[in-house]
Each structure stands twice: as C-alpha cells, then as structure tokens.
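Q: My file is coords.cif. It has mmCIF, C-alpha atoms:
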data_my_file
#
loop_
_atom_site.label_atom_id
_atom_site.label_comp_id
_atom_site.auth_asym_id
_atom_site.auth_seq_id
_atom_site.Cartn_x
_atom_site.Cartn_y
_atom_site.Cartn_z
CA MET A 1 -2.40 13.42 43.34
CA PHE A 2 -4.86 11.59 45.61
CA THR A 3 -5.97 8.09 46.54
CA ALA A 4 -9.65 7.14 46.30
CA ASP A 5 -11.65 4.24 47.74
CA PHE A 6 -15.16 4.44 46.29
CA HIS A 7 -16.81 1.34 47.76
CA ILE A 8 -17.34 0.86 51.50
CA HIS A 9 -20.29 0.24 53.81
CA SER A 10 -21.81 2.00 56.80
CA LYS A 11 -22.85 0.64 60.18
CA TYR A 12 -26.31 0.06 58.68
CA SER A 13 -25.14 -2.80 56.46
CA ARG A 14 -25.23 -6.39 57.66
CA ALA A 15 -22.04 -7.82 59.19
CA THR A 16 -20.51 -4.36 59.45
CA SER A 17 -18.72 -2.69 62.35
CA LYS A 18 -20.68 -0.19 64.42
CA GLN A 19 -17.61 2.03 64.10
CA MET A 20 -18.41 2.68 60.43
CA GLU A 21 -19.43 6.27 61.16
CA ILE A 22 -18.21 9.46 59.50
CA PRO A 23 -15.76 10.58 62.26
CA ALA A 24 -14.11 7.15 62.40
CA LEU A 25 -14.09 6.84 58.62
CA ALA A 26 -12.36 10.21 58.27
CA ARG A 27 -9.80 9.33 60.95
CA TRP A 28 -8.94 6.02 59.32
CA ALA A 29 -8.85 7.55 55.84
CA LYS A 30 -6.06 9.84 57.09
CA ILE A 31 -4.24 6.92 58.72
CA LYS A 32 -4.39 4.93 55.51
CA GLY A 33 -3.63 7.82 53.17
CA VAL A 34 -7.01 7.89 51.41
CA GLY A 35 -8.01 11.40 50.35
CA LEU A 36 -11.38 10.55 48.76
CA LEU A 37 -13.68 8.01 50.37
CA GLY A 38 -17.05 6.66 49.30
CA THR A 39 -19.81 7.19 51.82
CA GLY A 40 -21.43 3.82 51.13
CA ASP A 41 -25.09 3.07 51.76
CA PHE A 42 -26.68 6.37 50.68
CA THR A 43 -29.89 4.39 50.12
CA HIS A 44 -30.42 3.94 53.87
CA TYR A 45 -32.51 6.79 55.32
CA LEU A 46 -30.73 6.86 58.71
CA TRP A 47 -27.28 6.92 57.11
CA LEU A 48 -28.40 9.64 54.70
CA GLN A 49 -29.45 11.73 57.71
CA GLU A 50 -25.97 11.30 59.18
CA LEU A 51 -24.35 12.23 55.87
CA LYS A 52 -26.36 15.45 55.84
CA GLN A 53 -25.37 16.10 59.45
CA TYR A 54 -21.61 15.62 59.03
CA LEU A 55 -20.73 16.42 55.42
CA GLU A 56 -20.37 19.84 53.84
CA PRO A 57 -20.39 20.39 50.06
CA ASP A 58 -16.94 21.23 48.70
CA GLY A 59 -18.07 24.11 46.50
CA ASN A 60 -19.37 22.92 43.14
CA SER A 61 -17.06 19.91 42.94
CA GLY A 62 -19.79 17.29 43.46
CA LEU A 63 -17.84 16.07 46.50
CA TYR A 64 -18.22 16.60 50.25
CA LEU A 65 -15.85 17.34 53.13
CA TYR A 66 -15.42 16.31 56.74
CA GLU A 67 -12.31 17.11 58.80
CA GLY A 68 -10.15 17.51 55.70
CA VAL A 69 -11.24 14.24 54.04
CA HIS A 70 -13.27 14.32 50.84
CA PHE A 71 -16.28 12.04 50.43
CA ILE A 72 -18.13 10.90 47.33
CA LEU A 73 -21.76 9.78 47.66
CA SER A 74 -21.88 6.03 47.00
CA ALA A 75 -24.08 2.99 47.50
CA GLU A 76 -24.13 -0.68 46.53
CA ILE A 77 -27.29 -2.29 45.16
CA SER A 78 -27.86 -6.04 45.31
CA SER A 79 -30.06 -7.15 42.41
CA ILE A 80 -31.63 -10.60 42.47
CA PHE A 81 -33.80 -11.14 39.40
CA SER A 82 -34.94 -13.59 36.75
CA GLN A 83 -34.02 -13.06 33.12
CA GLY A 84 -34.47 -15.54 30.29
CA GLY A 85 -35.50 -18.28 32.69
CA LYS A 86 -32.41 -17.96 34.89
CA VAL A 87 -31.91 -16.28 38.27
CA TYR A 88 -29.08 -13.74 38.45
CA ARG A 89 -27.48 -12.09 41.48
CA VAL A 90 -25.46 -8.98 40.70
CA HIS A 91 -24.04 -6.16 42.83
CA ASN A 92 -23.55 -2.68 41.38
CA VAL A 93 -22.04 0.48 42.88
CA LEU A 94 -23.66 3.86 42.26
CA LEU A 95 -21.82 7.18 42.64
CA ALA A 96 -23.79 10.45 42.68
CA PRO A 97 -22.79 14.14 42.58
CA SER A 98 -25.28 15.57 45.08
CA ILE A 99 -27.68 14.84 47.93
CA ALA A 100 -30.51 16.02 45.66
CA VAL A 101 -29.69 13.32 43.09
CA VAL A 102 -29.36 10.73 45.86
CA GLU A 103 -32.81 11.58 47.19
CA GLU A 104 -34.29 11.07 43.72
CA ILE A 105 -32.52 7.73 43.36
CA ASP A 106 -33.73 6.60 46.79
CA LYS A 107 -37.28 7.62 45.94
CA MET A 108 -37.14 5.56 42.75
CA LEU A 109 -35.52 2.52 44.38
CA SER A 110 -38.10 2.50 47.19
CA THR A 111 -40.77 1.64 44.62
CA HIS A 112 -38.87 -1.58 43.83
CA GLY A 113 -38.38 -2.92 47.36
CA ASN A 114 -37.51 -2.18 50.97
CA ILE A 115 -34.41 0.02 50.97
CA ALA A 116 -34.61 0.64 54.72
CA SER A 117 -33.91 -2.93 55.84
CA ASP A 118 -30.19 -2.92 55.06
CA GLY A 119 -27.48 -0.52 53.98
CA ARG A 120 -27.02 -2.62 50.86
CA PRO A 121 -30.63 -3.13 49.73
CA ILE A 122 -31.72 -6.29 47.93
CA LEU A 123 -34.03 -5.45 45.03
CA GLY A 124 -35.68 -7.36 42.21
CA MET A 125 -34.43 -4.93 39.57
CA SER A 126 -32.42 -6.30 36.67
CA CYS A 127 -29.13 -4.64 35.76
CA LEU A 128 -30.76 -3.15 32.67
CA SER A 129 -33.72 -1.82 34.65
CA LEU A 130 -31.45 -0.33 37.34
CA ALA A 131 -29.37 1.44 34.70
CA GLU A 132 -32.43 2.69 32.86
CA GLU A 133 -34.07 4.15 35.95
CA VAL A 134 -30.89 5.68 37.37
CA PHE A 135 -29.90 7.41 34.13
CA LYS A 136 -33.41 8.81 33.78
CA ILE A 137 -32.76 10.66 37.03
CA SER A 138 -29.29 11.94 36.12
CA GLN A 139 -26.76 11.35 33.36
CA ASP A 140 -24.09 12.32 35.89
CA VAL A 141 -24.50 9.16 37.97
CA MET A 142 -21.67 6.64 37.70
CA LEU A 143 -22.69 2.96 37.59
CA ILE A 144 -19.86 0.53 38.34
CA PRO A 145 -20.45 -3.26 38.41
CA ALA A 146 -19.03 -4.42 41.75
CA HIS A 147 -16.38 -7.15 42.34
CA ILE A 148 -17.23 -8.46 38.88
CA TRP A 149 -15.90 -12.03 39.34
CA THR A 150 -17.23 -13.00 42.79
CA PRO A 151 -18.98 -16.39 42.33
CA TRP A 152 -22.28 -15.61 44.05
CA PHE A 153 -23.01 -11.90 43.56
CA SER A 154 -21.48 -10.36 40.45
CA VAL A 155 -22.00 -9.69 36.78
CA PHE A 156 -19.57 -12.46 35.72
CA GLY A 157 -20.00 -14.71 38.76
CA SER A 158 -19.74 -18.44 38.06
CA ASN A 159 -22.93 -19.13 40.05
CA SER A 160 -24.83 -15.92 39.47
CA GLY A 161 -23.77 -13.92 36.45
CA PHE A 162 -23.63 -13.35 32.72
CA ASN A 163 -21.05 -14.13 30.06
CA SER A 164 -20.98 -10.55 28.77
CA LEU A 165 -21.81 -7.04 29.93
CA ASP A 166 -24.17 -6.62 26.97
CA ASP A 167 -26.26 -9.55 28.22
CA ALA A 168 -26.59 -7.80 31.59
CA PHE A 169 -26.96 -4.12 30.68
CA GLY A 170 -28.12 -4.17 27.06
CA ARG A 171 -28.23 -0.73 25.46
CA TYR A 172 -26.86 0.87 28.65
CA THR A 173 -23.56 -1.02 28.51
CA GLU A 174 -21.85 1.96 26.88
CA LYS A 175 -22.82 4.14 29.85
CA ILE A 176 -20.96 2.00 32.40
CA THR A 177 -18.17 4.12 33.88
CA ALA A 178 -15.74 1.44 35.05
CA LEU A 179 -15.51 -2.13 36.37
CA GLU A 180 -14.48 -3.11 39.90
CA THR A 181 -12.08 -6.06 39.80
CA GLY A 182 -12.65 -7.23 43.40
CA LEU A 183 -10.22 -8.69 45.92
CA SER A 184 -9.85 -12.06 44.17
CA SER A 185 -8.72 -10.69 40.81
CA ASP A 186 -6.26 -8.05 39.66
CA PRO A 187 -5.92 -6.09 36.39
CA LYS A 188 -3.54 -8.68 34.92
CA MET A 189 -6.28 -11.31 35.09
CA ASN A 190 -8.87 -8.95 33.56
CA TRP A 191 -6.53 -8.01 30.70
CA ARG A 192 -7.08 -11.53 29.35
CA LEU A 193 -10.58 -10.50 28.16
CA SER A 194 -10.48 -8.23 25.11
CA ALA A 195 -14.11 -7.23 25.73
CA LEU A 196 -12.98 -5.34 28.86
CA ASP A 197 -10.29 -3.24 27.16
CA ARG A 198 -12.43 -0.14 26.83
CA TYR A 199 -13.24 0.05 30.56
CA SER A 200 -11.23 1.52 33.41
CA LEU A 201 -10.56 -1.15 36.03
CA VAL A 202 -11.02 0.21 39.54
CA SER A 203 -10.19 -1.36 42.88
CA ASN A 204 -11.95 -0.61 46.15
CA SER A 205 -11.88 -2.00 49.67
CA ASP A 206 -15.58 -2.92 50.11
CA ALA A 207 -14.66 -2.24 53.75
CA HIS A 208 -16.95 -3.42 56.56
CA SER A 209 -14.69 -2.03 59.30
CA PRO A 210 -12.62 1.19 59.42
CA SER A 211 -9.23 -0.54 59.48
CA ARG A 212 -10.01 -2.18 56.12
CA ILE A 213 -10.39 1.13 54.28
CA GLY A 214 -7.98 1.37 51.36
CA ARG A 215 -6.97 -2.31 51.27
CA GLU A 216 -7.66 -1.76 47.57
CA ALA A 217 -7.77 1.74 46.09
CA ASN A 218 -7.23 4.02 43.07
CA VAL A 219 -4.59 6.72 42.59
CA PHE A 220 -5.52 9.78 40.50
CA ASP A 221 -3.68 12.84 39.27
CA CYS A 222 -6.57 15.12 38.35
CA PRO A 223 -8.61 17.84 40.06
CA MET A 224 -10.52 16.66 43.14
CA ASP A 225 -13.82 17.00 41.30
CA TYR A 226 -16.66 14.51 40.66
CA TRP A 227 -16.98 15.29 36.97
CA GLU A 228 -13.23 15.22 36.37
CA ILE A 229 -13.02 11.78 37.99
CA LYS A 230 -15.96 10.64 35.86
CA ARG A 231 -14.26 11.96 32.71
CA VAL A 232 -10.96 10.25 33.57
CA LEU A 233 -12.68 6.91 34.15
CA GLU A 234 -14.91 7.12 31.07
CA ASN A 235 -11.99 8.04 28.81
CA LYS A 236 -9.55 5.65 30.49
CA ASP A 237 -7.22 8.62 30.78
CA THR A 238 -3.91 7.20 31.96
CA SER A 239 -2.52 10.66 32.63
CA GLY A 240 -5.26 11.17 35.22
CA PHE A 241 -5.68 7.59 36.46
CA LEU A 242 -2.17 6.59 37.54
CA TYR A 243 -2.56 3.12 39.07
CA THR A 244 -4.61 0.91 41.35
CA VAL A 245 -3.61 -0.55 44.71
CA GLU A 246 -4.40 -4.27 44.78
CA PHE A 247 -4.60 -7.25 47.07
CA PHE A 248 -2.52 -10.10 45.82
CA PRO A 249 -5.54 -11.83 44.21
CA GLU A 250 -4.56 -15.18 45.71
CA GLU A 251 -5.34 -13.66 49.11
CA GLY A 252 -8.97 -13.04 48.09
CA LYS A 253 -11.71 -15.31 49.39
CA TYR A 254 -12.67 -16.75 46.01
CA HIS A 255 -9.46 -17.01 43.99
CA TYR A 256 -9.26 -20.83 43.76
CA ASP A 257 -12.07 -23.39 43.52
CA GLY A 258 -13.05 -25.58 46.42
CA HIS A 259 -15.25 -26.62 49.32
CA ARG A 260 -14.69 -24.83 52.60
CA ASN A 261 -16.47 -27.44 54.74
CA CYS A 262 -14.42 -30.23 53.20
CA LYS A 263 -11.19 -28.21 53.22
CA ILE A 264 -10.77 -28.86 49.50
CA ARG A 265 -8.75 -26.17 47.68
CA PHE A 266 -8.23 -26.69 43.93
CA HIS A 267 -6.54 -24.92 41.06
CA PRO A 268 -8.93 -24.89 38.05
CA LYS A 269 -6.86 -27.66 36.45
CA GLU A 270 -7.54 -29.91 39.47
CA THR A 271 -11.21 -28.98 39.33
CA ARG A 272 -11.38 -30.14 35.72
CA GLU A 273 -9.65 -33.38 36.64
CA HIS A 274 -12.39 -34.00 39.22
CA LYS A 275 -15.12 -32.89 36.77
CA GLY A 276 -16.12 -30.07 39.13
CA ILE A 277 -17.11 -32.46 41.93
CA CYS A 278 -15.75 -32.39 45.47
CA PRO A 279 -13.86 -35.67 46.08
CA SER A 280 -14.84 -35.58 49.76
CA CYS A 281 -18.62 -35.03 49.74
CA GLY A 282 -19.56 -35.55 46.09
CA LYS A 283 -21.21 -32.13 45.70
CA PRO A 284 -20.28 -29.51 43.07
CA LEU A 285 -17.27 -27.38 43.97
CA THR A 286 -17.58 -23.60 44.24
CA ARG A 287 -15.78 -22.33 41.15
CA GLY A 288 -13.57 -19.39 41.96
CA VAL A 289 -12.47 -16.29 40.12
CA LEU A 290 -9.42 -17.78 38.38
CA ASN A 291 -11.55 -20.57 36.93
CA ARG A 292 -14.19 -18.14 35.67
CA VAL A 293 -11.61 -15.81 34.13
CA GLU A 294 -10.06 -18.74 32.28
CA GLU A 295 -13.50 -19.79 31.05
CA LEU A 296 -14.23 -16.40 29.46
CA ALA A 297 -10.68 -15.33 28.49
CA ASP A 298 -9.73 -14.95 24.84
CA ARG A 299 -6.06 -14.15 25.54
CA GLU A 300 -3.14 -15.95 27.10
CA GLU A 301 -1.90 -15.05 30.56
CA GLY A 302 0.59 -12.16 30.51
CA PHE A 303 -1.06 -10.08 27.76
CA ILE A 304 -1.00 -6.32 28.43
CA PRO A 305 -3.44 -4.23 26.35
CA ASP A 306 -2.64 -0.78 25.03
CA ASN A 307 -3.53 2.04 27.42
CA ALA A 308 -3.63 -0.31 30.41
CA VAL A 309 -3.63 1.39 33.81
CA PRO A 310 -0.82 -0.16 35.90
CA TYR A 311 -1.18 -1.50 39.43
CA LYS A 312 0.77 -2.15 42.63
CA SER A 313 0.12 -5.28 44.72
CA LEU A 314 0.33 -4.71 48.47
CA ILE A 315 -0.21 -6.50 51.76
CA PRO A 316 -1.69 -4.41 54.61
CA LEU A 317 0.93 -3.03 56.98
CA ASP A 318 -0.57 -4.65 60.07
CA GLU A 319 -0.25 -8.07 58.42
CA ILE A 320 3.43 -7.42 57.65
CA ILE A 321 4.09 -6.28 61.22
CA ALA A 322 2.27 -9.30 62.66
CA GLU A 323 4.27 -11.77 60.61
CA ALA A 324 7.53 -10.00 61.35
CA LYS A 325 6.75 -10.25 65.07
CA ARG A 326 5.28 -13.74 64.74
CA VAL A 327 2.04 -12.78 66.49
CA LYS A 328 -1.59 -12.52 65.44
CA LYS A 329 -2.71 -9.46 63.51
CA GLY A 330 -4.93 -8.24 66.36
CA ALA A 331 -2.14 -8.37 68.97
CA LYS A 332 -1.55 -5.23 71.02
CA GLN A 333 2.10 -5.00 70.00
CA VAL A 334 1.04 -4.96 66.33
CA GLU A 335 -1.37 -2.10 66.98
CA GLU A 336 1.26 -0.14 68.91
CA GLU A 337 3.91 -0.56 66.20
CA TYR A 338 1.41 0.29 63.47
CA ILE A 339 0.34 3.55 65.15
CA ARG A 340 3.96 4.49 65.85
CA MET A 341 4.96 4.00 62.22
CA VAL A 342 1.95 5.82 60.76
CA SER A 343 2.44 8.71 63.20
CA GLU A 344 6.06 9.07 62.11
CA PHE A 345 5.62 8.65 58.36
CA GLY A 346 2.18 10.15 57.74
CA SER A 347 0.12 7.25 56.38
CA GLU A 348 0.16 3.53 55.64
CA PHE A 349 0.34 4.10 51.88
CA ASN A 350 3.32 6.40 52.30
CA ILE A 351 5.16 3.64 54.13
CA LEU A 352 4.21 0.81 51.79
CA ILE A 353 4.63 2.68 48.49
CA ASN A 354 6.63 5.89 48.75
CA LEU A 355 9.26 5.45 51.46
CA GLU A 356 12.70 5.01 49.90
CA GLU A 357 14.54 1.81 50.72
CA GLY A 358 17.34 3.58 52.56
CA GLU A 359 14.91 5.35 54.86
CA LEU A 360 12.88 2.17 55.21
CA PHE A 361 15.82 0.23 56.68
CA SER A 362 17.27 3.11 58.69
CA LYS A 363 14.08 4.15 60.48
CA ILE A 364 11.92 1.01 60.70
CA PRO A 365 12.66 -2.24 62.58
CA SER A 366 14.75 -4.35 60.23
CA LYS A 367 12.44 -7.33 59.91
CA ILE A 368 9.40 -5.16 59.21
CA ALA A 369 11.44 -3.22 56.64
CA GLU A 370 12.52 -6.50 55.05
CA GLY A 371 8.88 -7.62 54.94
CA ILE A 372 7.82 -4.41 53.16
CA LYS A 373 10.65 -4.82 50.65
CA ARG A 374 9.67 -8.43 49.92
CA VAL A 375 6.08 -7.37 49.32
CA ARG A 376 7.26 -4.63 46.94
CA ASP A 377 9.43 -7.19 45.12
CA LYS A 378 6.55 -9.73 45.14
CA LYS A 379 8.81 -12.27 46.87
CA ILE A 380 6.16 -13.86 49.05
CA GLY A 381 4.27 -17.12 49.38
CA ILE A 382 0.47 -17.38 49.34
CA LEU A 383 -1.85 -20.31 49.91
CA PRO A 384 -4.78 -19.15 47.71
CA GLY A 385 -8.20 -18.36 49.14
CA PHE A 386 -11.22 -20.48 48.17
CA ASP A 387 -14.96 -20.78 48.78
CA GLY A 388 -15.17 -17.84 51.20
CA GLU A 389 -11.82 -18.40 52.96
CA TYR A 390 -9.11 -15.74 52.64
CA GLY A 391 -5.73 -16.89 51.36
CA GLU A 392 -2.81 -17.30 53.76
CA ILE A 393 0.19 -15.01 53.25
CA LYS A 394 3.77 -16.05 54.09
CA ILE A 395 6.43 -13.37 53.84
CA PHE A 396 9.04 -15.15 55.94
CA ASP A 397 9.90 -18.84 55.81
CA GLU A 398 9.71 -20.83 59.04
CA GLY A 399 13.35 -21.80 58.46
CA GLU A 400 14.39 -18.16 58.71
CA ASP A 401 12.75 -17.83 62.12
CA LYS A 402 14.32 -21.08 63.36
CA GLU A 403 17.73 -19.95 62.17
CA LYS A 404 17.33 -16.62 63.94
CA ASP A 405 16.23 -18.40 67.15
CA GLN A 406 19.34 -20.58 67.04
CA LEU A 407 21.59 -17.57 66.55
CA THR A 408 19.86 -15.90 69.50
CA LEU A 409 20.29 -18.97 71.72
CA PHE A 410 23.97 -19.37 71.00
#
I need this file expressed as structure tokens, please.
A:
Amino acid sequence: MFTADFHIHSKYSRATSKQMEIPALARWAKIKGVGLLGTGDFTHYLWLQELKQYLEPDGNSGLYLYEGVHFILSAEISSIFSQGGKVYRVHNVLLAPSIAVVEEIDKMLSTHGNIASDGRPILGMSCLSLAEEVFKISQDVMLIPAHIWTPWFSVFGSNSGFNSLDDAFGRYTEKITALETGLSSDPKMNWRLSALDRYSLVSNSDAHSPSRIGREANVFDCPMDYWEIKRVLENKDTSGFLYTVEFFPEEGKYHYDGHRNCKIRFHPKETREHKGICPSCGKPLTRGVLNRVEELADREEGFIPDNAVPYKSLIPLDEIIAEAKRVKKGAKQVEEEYIRMVSEFGSEFNILINLEEGELFSKIPSKIAEGIKRVRDKKIGILPGFDGEYGEIKIFDEGEDKEKDQLTLF
C-alpha cells in the first residue's frame, strides 16, 4: 500500500517556493508519508535537467527513485483558447512513463508557445488539441483534467469552462484517465453528476511549497508501477484504489461564492437571492465550486454511486497543533511539536489516519489528540472559503479555552 500525490510544482513555477527541489521534496514526502510524488513541471528545460541529475529509473516500472522516494513524471498545462466564440481557460495534468516520452512532449508543446517562461506553461492549445497531440506521441500518457471546478482555470469552471467533458475533449474524452477534484470539492460533491461515474476521482496537493505536499492525496494497494496505476485508474478498480485524502472542501479557496474585496461570502442560495450581484459594489460575484456543482448536478446531495472510491477528510497536522496551542501555524512551538511527533510516529499520515485512539491519547499531548479525534469524527466548524480566500477552520470553541483558563486561574 502506498500514498501518491501526482500534482505539485517546482521552483520554476510562479509563486512557488525556491525550496521546491528534489532533495527537499523527497525529505518532505517522507515526513508526510507520501511514497509516490509527481515531479511537476517536466515541461521546463531547467527542471528537466535537474530531474535527469537526481532521479534514477526504478527498473522498468515507469517510475523514478531518489533517496527511497518514488517519483512519477508530471506537468500541468494551462490552456487559454477560443472555441465556438468563447474563451476557455483550462488546466490539465500530464503523467508520462519515461524521460524519452517527456522530451517528445516538450518538443511538441514548444511549437505551440513558450514553455520555458514558467513551470506551468500557458499555451493556446484547446483541450482537444492537447489530447490529440499528446496521444500521438504515446498512448501511455495519462491526461487528468486538473482541479475541475475552480472558477477561473478548469474544465467545469464557472468563469472559464465547459458544461461537459465531451464539449472539451471531443473524441478523446474516453481516453481521460481520471479527474482531479481540487481543494474546494470532494468526491461526495462530484457523485452528484452521473456523467462522472465512469471516472476515477483523484486528489492531489497542487503544492507550491514542500510542507504542502500531501494535503490531498491518493492511497493505492497495487504494484508501484506506472502502468498498474494507469490500469487501476482507468478501470476504477476499487481493490487497487483504496481511498483519497481530502481537504474539507469548505476550507478550499473557492467553495462559496463571494467578493473578496468586499468581504462578501455567500452560499449559492444567497447568491440567487441577490441575482448574482455583490450587494456592496454592484459587480457580479465570483461563483464558487458549490454553486457550479449544483448548476450541473442531476442528483440530490448524499447520493453514492456504485463502485465509488471512498475518501477521508483531514486537516493538516500543523493546523491542528496550532489551534490546540492557540498560536499561529508558523510559530516555532508548532514546528517543534510537529517534528517531534513525526519523528516518533513515522509520518503525518500515520498520525492522522492510522494511530489507534488509545495510543493517540497516551502518547500525544491531550489537546492535540482531542483535535485529531474531532477531525476524524468530522466534529469541527468551518467558515467556508470564497473568491480566493481559504476557509477558516475551528476545531475548538472559544468557550472551551475560556473555561480551561478559568480552571487554571482558580
């Protein structure tokens, strides 16, 4: 069994940490408990040179190794194009089984735009054209539409996308390997669309800094092999694809509708009451993921399709520690406690998912243990994210802290 995070970025992508280098990625993958990590950004010539420098092929598995961590060659393509008189903006993730295939893809993509300017290149290729050209190079490539509900850059985005995969990919729709749900949606929301039943729903971190690796991920029970992973995803094999690790979707940056500048945060029902217009500035609200899902859904909330891959909703360990200690996430005492816990128990995922409750409360500070249990039980409060703002998590009520302070004082 292993955990995989297919979609990250390198230091060559915009707004990305300079620490996104192979040694740091491998170190943090071990800390998190991720056994298979996407390389990200294989389209960038400098990053590809570093991949060749650090990574060694793991036999004929189609995967690569560095310091005991497996890597899968991955990249995200940003397509901005006109189709049928409308402009679309869609991100897609590509996975490839060899450096040789990557070099052919990069050669092809370079004829459509400048792939050296950013780790996530912006090209004028349509989704259909991208699929057509990639599959000409290799039938082994996996094409996965990225964060499919994000308003501005996704296949179903309210401001940028299509109403169906067929409209986007045409005759290549059947060759799509899986769909990435993104931070602002979870499988339960996607199960409301019957058109998505045939696809595996994957979750990835889209990490821009090493500590964000694995914030969403996929757990497999199959050989650590590119083609086996591809087969499991294509066949939606629930014996090989065990579950996904998810954000609580309300924590994502685009779950609710709203206007960040006006501090307006609306549930879709409130948006409809205001006819989609911000009551503060009079401009159209940014429609979030929940609104868009409801627009396209043909099922009621709570429906579970046959052969659905289950999921576990988690909150990152450093956020739990910070709230338990009532300090900011970046505080030194949070970092120290985090490293101590991971060193003792092996990885963040082991602590959050696998550690039995008895061991949790006997070996971990009680309030942190209680926080982990509440997250497992989904007994938390969240102020949903909107228009580019992450949601705000509350595991402990302010009243609990005040009560504890009073007990301490007296």
Q: Report the closest atom pair, with its distance in Å rounded to one decimal, for each residue of region 335-355 of chain A that has an atom no farther than 12 Å from region 1-6 of chain A; count all atoms listed in the file, sort by chain and then rising residue number, and write it as a Markdown table.
A:
| residue | atom | partner | partner_atom | distance |
| --- | --- | --- | --- | --- |
| A:Ser347 | CA | A:Thr3 | CA | 11.6 |
| A:Glu348 | CA | A:Thr3 | CA | 11.9 |
| A:Phe349 | CA | A:Thr3 | CA | 9.2 |
| A:Asn350 | CA | A:Thr3 | CA | 11.1 |
Q: Please report the interatomic distance between CA of Tyr64 (chain A) and CA of Met224 (chain A) in Å with one decimal.
A: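 So the two atoms, CA of Tyr64 (chain A) and CA of Met224 (chain A), lie 10.5 Å apart.
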Q: Compile a residue-level contact table for region 150-226 of chain A against region 76-89 of chain A at a cut-off of 10 Å, reporting for every qualifying residue the shortest atom pair and its distance in Å to one decimal, with all atoms listed in the file counted, rows ordered by chain and ascending number, as JSON lines.
A:
{"residue": "A:Pro151", "atom": "CA", "partner": "A:Arg89", "partner_atom": "CA", "distance": 9.6}
{"residue": "A:Trp152", "atom": "CA", "partner": "A:Arg89", "partner_atom": "CA", "distance": 6.8}
{"residue": "A:Phe153", "atom": "CA", "partner": "A:Arg89", "partner_atom": "CA", "distance": 4.9}
{"residue": "A:Ser154", "atom": "CA", "partner": "A:Arg89", "partner_atom": "CA", "distance": 6.3}
{"residue": "A:Val155", "atom": "CA", "partner": "A:Arg89", "partner_atom": "CA", "distance": 7.6}
{"residue": "A:Phe156", "atom": "CA", "partner": "A:Arg89", "partner_atom": "CA", "distance": 9.8}
{"residue": "A:Gly157", "atom": "CA", "partner": "A:Arg89", "partner_atom": "CA", "distance": 8.4}
{"residue": "A:Asn159", "atom": "CA", "partner": "A:Tyr88", "partner_atom": "CA", "distance": 8.3}
{"residue": "A:Ser160", "atom": "CA", "partner": "A:Tyr88", "partner_atom": "CA", "distance": 4.9}
{"residue": "A:Gly161", "atom": "CA", "partner": "A:Tyr88", "partner_atom": "CA", "distance": 5.7}
{"residue": "A:Phe162", "atom": "CA", "partner": "A:Tyr88", "partner_atom": "CA", "distance": 7.9}
{"residue": "A:Asp167", "atom": "CA", "partner": "A:Gln83", "partner_atom": "CA", "distance": 9.8}
{"residue": "A:Ala168", "atom": "CA", "partner": "A:Gln83", "partner_atom": "CA", "distance": 9.2}
{"residue": "A:Asp206", "atom": "CA", "partner": "A:Glu76", "partner_atom": "CA", "distance": 9.5}
Q: Could you save the residues just selected, with C-alpha atoms, as a short mmCIF file (atom, residue, chain, number, x, y, z; two decimals), in the coordinates of the input?
A:
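Result written to part_3.cif:
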data_model
loop_
_atom_site.label_atom_id
_atom_site.label_comp_id
_atom_site.auth_asym_id
_atom_site.auth_seq_id
_atom_site.Cartn_x
_atom_site.Cartn_y
_atom_site.Cartn_z
CA PRO A 151 -18.98 -16.39 42.33
CA TRP A 152 -22.28 -15.61 44.05
CA PHE A 153 -23.01 -11.90 43.56
CA SER A 154 -21.48 -10.36 40.45
CA VAL A 155 -22.00 -9.69 36.78
CA PHE A 156 -19.57 -12.46 35.72
CA GLY A 157 -20.00 -14.71 38.76
CA ASN A 159 -22.93 -19.13 40.05
CA SER A 160 -24.83 -15.92 39.47
CA GLY A 161 -23.77 -13.92 36.45
CA PHE A 162 -23.63 -13.35 32.72
CA ASP A 167 -26.26 -9.55 28.22
CA ALA A 168 -26.59 -7.80 31.59
CA ASP A 206 -15.58 -2.92 50.11
#
Q: Check which residues of region 80-141 of chain A sit at most 9 Å from region 12-22 of chain A using all atoms listed in the file, and return one row each with the closest pair of atoms and their distance in Å to one decimal, ordered by chain and rising number, as JSON lines.
A:
{"residue": "A:Ser117", "atom": "CA", "partner": "A:Tyr12", "partner_atom": "CA", "distance": 8.6}
{"residue": "A:Asp118", "atom": "CA", "partner": "A:Ser13", "partner_atom": "CA", "distance": 5.2}
{"residue": "A:Gly119", "atom": "CA", "partner": "A:Ser13", "partner_atom": "CA", "distance": 4.1}
{"residue": "A:Arg120", "atom": "CA", "partner": "A:Ser13", "partner_atom": "CA", "distance": 5.9}
{"residue": "A:Pro121", "atom": "CA", "partner": "A:Ser13", "partner_atom": "CA", "distance": 8.7}
Q: May I have the selected residues written with C-alpha atoms, as a compact mmCIF listing (two decimals), in the frame of the given file?
A:
# COMPACT_ATOMS: atom_id res chain seq x y z
CA SER A 117 -33.91 -2.93 55.84
CA ASP A 118 -30.19 -2.92 55.06
CA GLY A 119 -27.48 -0.52 53.98
CA ARG A 120 -27.02 -2.62 50.86
CA PRO A 121 -30.63 -3.13 49.73
Q: Find the residue from A:Ser205, A:Ser313, A:Asn261, A:Gln49 that sits nearest to Leu352 (chain A); use all atoms listed in the file when measuring.
A: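 Selected residue with least distance to Leu352 (chain A): A:Ser313.
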